[in-house]
Structures are given as C-alpha cells and as structure tokens.
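Worksheet: the structure to be examined is printed underneath.
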Amino acid sequence: MICWVNPFTGLAGDMFLAALIDAGASIEAVRAAISSTGLTGWHLEAHTVVDHGLKGTRLQIQVTDSVASRRAGELITMARRARTPVADIAVAALAAVARVEAHLHNTEPDQVHLHELGGHDTLVDVVGCAAALHDLGVTRTVCAPLPLGRGTVHCAHGTFPSPAPATLALLQNAEVIGSDLDVETVTPTGAALLVGARSTFGRMPAMRVTSTGYGMGTRSFPDRPNTTVATIGRETRTADLTTELTADHRETVATLSTNLDDVTAETLAYTLERALEGGALDAWCTPVTMKKGRPAHVLHVLARPEDAAALIDLVAAETGTLGVRIAVGQRAVLARSTQTVQVRGHTIRIKHGPHGSKPEHEDLARAARDLSLPLRDVASRARALVRQPAQSKEASADEHDR
C-alpha cells in the first residue's frame, strides 16, 4: 500500500498521526505500540472536528508524567521495544533527530539532550505513526512538496527563525515550497517521520485509492482548514510498470550511468569496487561503441535515492566524467533469507529465495583456497548440506572430519 501525504498547511507529528487514524488506522493498535515502549503517564484520544466545513480527526494527548525532556539515546532505546517494522521506522526517525541535534549542538548523537523533542509527544507521535502505517499495510510513503512558513520559533535555547534549524537539517534532499503563513508549518517531528519512513517526494503516484484521512492541527487560520491529508491506496502500474509483480517489498531506486571512453580497465574496476563499498546496491559496466567509432564502457550504479548524490560525487571523482545520468524507478525485492553451513570447518553462507538457493561465491572461494579443493567441489558439498536440513549438523561434522 502507498501513503501519499499532502501537507496542505504543513506537517506535524500529531497531524500526520491523526490523518492516518482518520484514514482507517486502528487507534487501539497505535496505543498498544506506544505502550510496548514502556512509556507511562499518557493517554491518547482521537476526536472528530470540523474546520472550515471540513471534517477530520484531531488528537489529544493527556500527560500525567513529570518527565518533560530526555536524552536521544533514551528515546531510541524505548522505541526499539516496539515490534518490527514499527520499531524500524520509529528508531530511524529518532536517530535522524539525534544526528541533526548533535551536529547543531556539537555533541554525540546518543548524548544530545532533547528539550522540546524529548517529551511524551515525540515518542507518541513517532511510534504512533509507525504503528499506524504498519496497521494500514503501507510499504511506501510519498509526500507532496512541504510548505515552509516564516516567522520565529521559541525553544529552550531562545528564539530562532522558522523553519527551525533541526527541521531544515532533517529536510535535506526534500522538496519544499514557500508558504504564505507566518508560523512554523513543518515541525522537526514531522520531518523526522518522513525520514524514518524513507519517504520520497513528488506528485501523487499511480494508485487505486482505498481511503483518505484528514489530520487537524490545533492552530486556527482565518481562511483555510489547518490539515494534513493522508491518502492510502494500492499501487497501480503505468506505462513503464504495466504488469502486476509478486513481491514482498517494492522500493524506489536510482540508476546512475555515465559513458566513459578515456579511463583504464583498472580505473573502471576500482570505481565499481568503491561504489559498492559506498552503499551502491549494485554496480556494473557494459561495453558500447560511442561517436567516431570509439570503443567505450557505460558505468552503471544502482543506488537508493538517499545515497545517489554521494555516489555521483564518487563516480565523478574517480573517472573524471563531466556528467552522470539519473533514472529513478522501482525494483521488486523478493523475500530472502541466509543460512550458514560448515564445510570442513569453513562457514559458507547460503542465500535462499523463493525460487532457489545459492552459496556465496566469496565464501566458496575462500574455502576452496584454504582447503586446496576445486571451487565446484566446495559448492557441491555446501549444496548437499542445504538439501538435507535435518542432517545438517551431522553432515557438517562429517565434512569437517573428511
């Protein structure tokens, strides 16, 4: 499922959570996830309100605990107690907050003291939104450009320009536009949730709408409802994705490519290796013939969108290219798991997918060299252990003694 976020007047954590609940997320599931963190002294209620004739949901968080602020490390530890994948989104969001606050205050991320962001509201909003997205079956979040207001914000360190420095740091690579409102329209928590959900930015993707929710803020405006809109839908295929694919997860990826006719084979190989070390999902070269009949190569790097900029810089620095093409698309990722077996005391990782299993080549090569055996012999022995899982321990011991 896709969640398309339309921050009509802005985005705050409570408005995002209210929109998801209004779109059909179970408030009981949200409360249960928050309770699993060990947070005490809070109560969450959702109320139906009407703002400028538009009906939506507004949240009310009642706090009886006296703890008003916490260290980032404490919040992250509490968020980890929620079940996966709720914990994954919540921890990623809070870790992003910790990183930017640590940078702004020149300290370590786990030691940074969160004042406004360290209270109950932050954990309720972050864990609550992660739980709501999970309850709705959302695996992909897309956000329209965020409208950034003007004016000032007040915090423990004094008065700062709006958007807050932490918000701007969290919105690196996000799409934003200016708002005519002289208030804080996007909060650090709202921005962090987009980071935690690995959101992309742009117009509404092709999908079949199943529900829409309106999350209402507490501030009132004279000429418009104060709302964030969350639209939930099933992904549909456009011209470039016309066939339904069976996949356990889909994610947005960027393919970076550049034509090279003036670098050596050694440089190409080194650049591919550096790209993989730098976070590339894959990297490869294809031979081509360029203008004037020149033999050349196209260097390709498959990357997550958030890693694309750094990988472009790496490719440019290593090859001297003056341009890199970027093609953004989707890839279907099938379920996989990894098992280990022992061949004569050497650990071999076996990657299992829906349609077969394969030993890791690096493990096979290392074992083959150490054992002075042919690579195909080690591979055969490893596959034999996988084919007989009930006898894996016995077979592993036999291999060790042989």
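Going through the structure tokens in order, the chains are called A, B, and so on, while each chain numbers its residues from 1 and the ligands are numbered from 1 in the order shown.
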**Report entry** Near-A:Ala368 list (9 Å; only C-alpha atoms; drop same-chain fewer than 5 positions) as a ChimeraX atom specification
**Finding:** /A:363,373-379
Taking 6 positions as the minimum chain separation for residues in the same chain, which residues sit within 10 Å of stretch 217-222 of chain A when counting only C-alpha atoms? Answer as a PDB file with C-alpha atoms, in the first residue's frame.
ATOM      1  CA  THR A   9      -0.905  23.708   5.625  1.00  0.00           C
ATOM      2  CA  GLY A  10       2.133  21.812   6.887  1.00  0.00           C
ATOM      3  CA  LEU A  11       3.217  18.654   8.679  1.00  0.00           C
ATOM      4  CA  ALA A  12       3.484  17.925  12.382  1.00  0.00           C
ATOM      5  CA  GLY A  13       3.732  14.562  14.082  1.00  0.00           C
ATOM      6  CA  ASP A  14       0.285  14.768  15.688  1.00  0.00           C
ATOM      7  CA  MET A  15      -1.343  15.891  12.424  1.00  0.00           C
ATOM      8  CA  PHE A  16       0.276  13.031  10.488  1.00  0.00           C
ATOM      9  CA  ALA A  18      -4.368  11.993  13.162  1.00  0.00           C
ATOM     10  CA  ASP A  51     -12.554  23.119  10.458  1.00  0.00           C
ATOM     11  CA  HIS A  52     -13.896  25.472   7.768  1.00  0.00           C
ATOM     12  CA  GLY A  56     -11.272  15.413  10.203  1.00  0.00           C
ATOM     13  CA  THR A  57      -9.526  13.991  13.264  1.00  0.00           C
ATOM     14  CA  ARG A  58      -7.653  15.882  15.953  1.00  0.00           C
ATOM     15  CA  LEU A  59      -5.541  14.161  18.608  1.00  0.00           C
ATOM     16  CA  GLN A  60      -5.445  14.939  22.298  1.00  0.00           C
ATOM     17  CA  LEU A 181       1.815  31.601   6.665  1.00  0.00           C
ATOM     18  CA  VAL A 183       4.109  30.387  11.564  1.00  0.00           C
ATOM     19  CA  THR A 228      -2.524  17.290   6.708  1.00  0.00           C
TER      20      THR A 228
END
Report task. Name the residues of stretch 33-212 of chain A that fall into strand (DSSP E or B) according to DSSP on the backbone, using the chain letters and numbers of this document, as a PyMOL selection string. Result -> chain A and resi 42-51+54-63+70-71+113-114+140-143+146-148+152-155+158-161+176-178+186+200-201+207-212
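Every residue of stretch 126-210 of chain A found in helix (DSSP H, G or I) when DSSP is run on the backbone appears here: Val126, Val127, Gly128, Cys129, Ala130, Ala131, Ala132, Leu133, His134, Asp135, Pro165, Ala166, Thr167, Leu168, Ala169, Leu170, Pro188, Thr189, Gly190, Ala191, Ala192, Leu193, Leu194, Val195 and Gly196 of chain A.
Interatomic distance, atom CA of A:Leu20 to atom CA of A:Asp88: 18.1 Å.
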Requested in this report: Could you give me, as a VMD selection string, the residues within 8 Å of stretch 313-315 of chain A, counting only C-alpha atoms and dropping anything in the same chain fewer than 3 positions from it?
Outcome: chain A and resid 271 274 to 275 309 to 310 318 to 321
Put those residues in a file: N, CA and C atoms, as a CSV table (one decimal), in the first residue's frame.
chain,number,residue,atom,x,y,z
A,271,THR,N,36.6,1.7,-9.5
A,271,THR,CA,35.4,2.6,-9.3
A,271,THR,C,34.2,1.7,-8.9
A,274,ARG,N,34.7,0.7,-5.3
A,274,ARG,CA,34.4,1.8,-4.4
A,274,ARG,C,32.9,2.1,-4.3
A,275,ALA,N,32.2,2.0,-5.4
A,275,ALA,CA,30.8,2.3,-5.4
A,275,ALA,C,30.0,1.3,-4.5
A,309,ALA,N,23.5,11.1,-4.4
A,309,ALA,CA,24.3,12.2,-4.5
A,309,ALA,C,25.8,11.9,-4.2
A,310,ALA,N,26.0,11.1,-3.1
A,310,ALA,CA,27.4,10.8,-2.7
A,310,ALA,C,28.0,9.9,-3.7
A,318,GLU,N,36.4,9.6,-9.4
A,318,GLU,CA,37.3,8.5,-9.8
A,318,GLU,C,37.5,8.4,-11.3
A,319,THR,N,36.5,8.8,-12.1
A,319,THR,CA,36.6,8.7,-13.5
A,319,THR,C,36.8,10.0,-14.3
A,320,GLY,N,36.6,11.1,-13.6
A,320,GLY,CA,36.7,12.4,-14.3
A,320,GLY,C,35.6,12.7,-15.2
A,321,THR,N,34.5,12.0,-15.2
A,321,THR,CA,33.3,12.3,-16.1
A,321,THR,C,32.7,13.6,-15.8
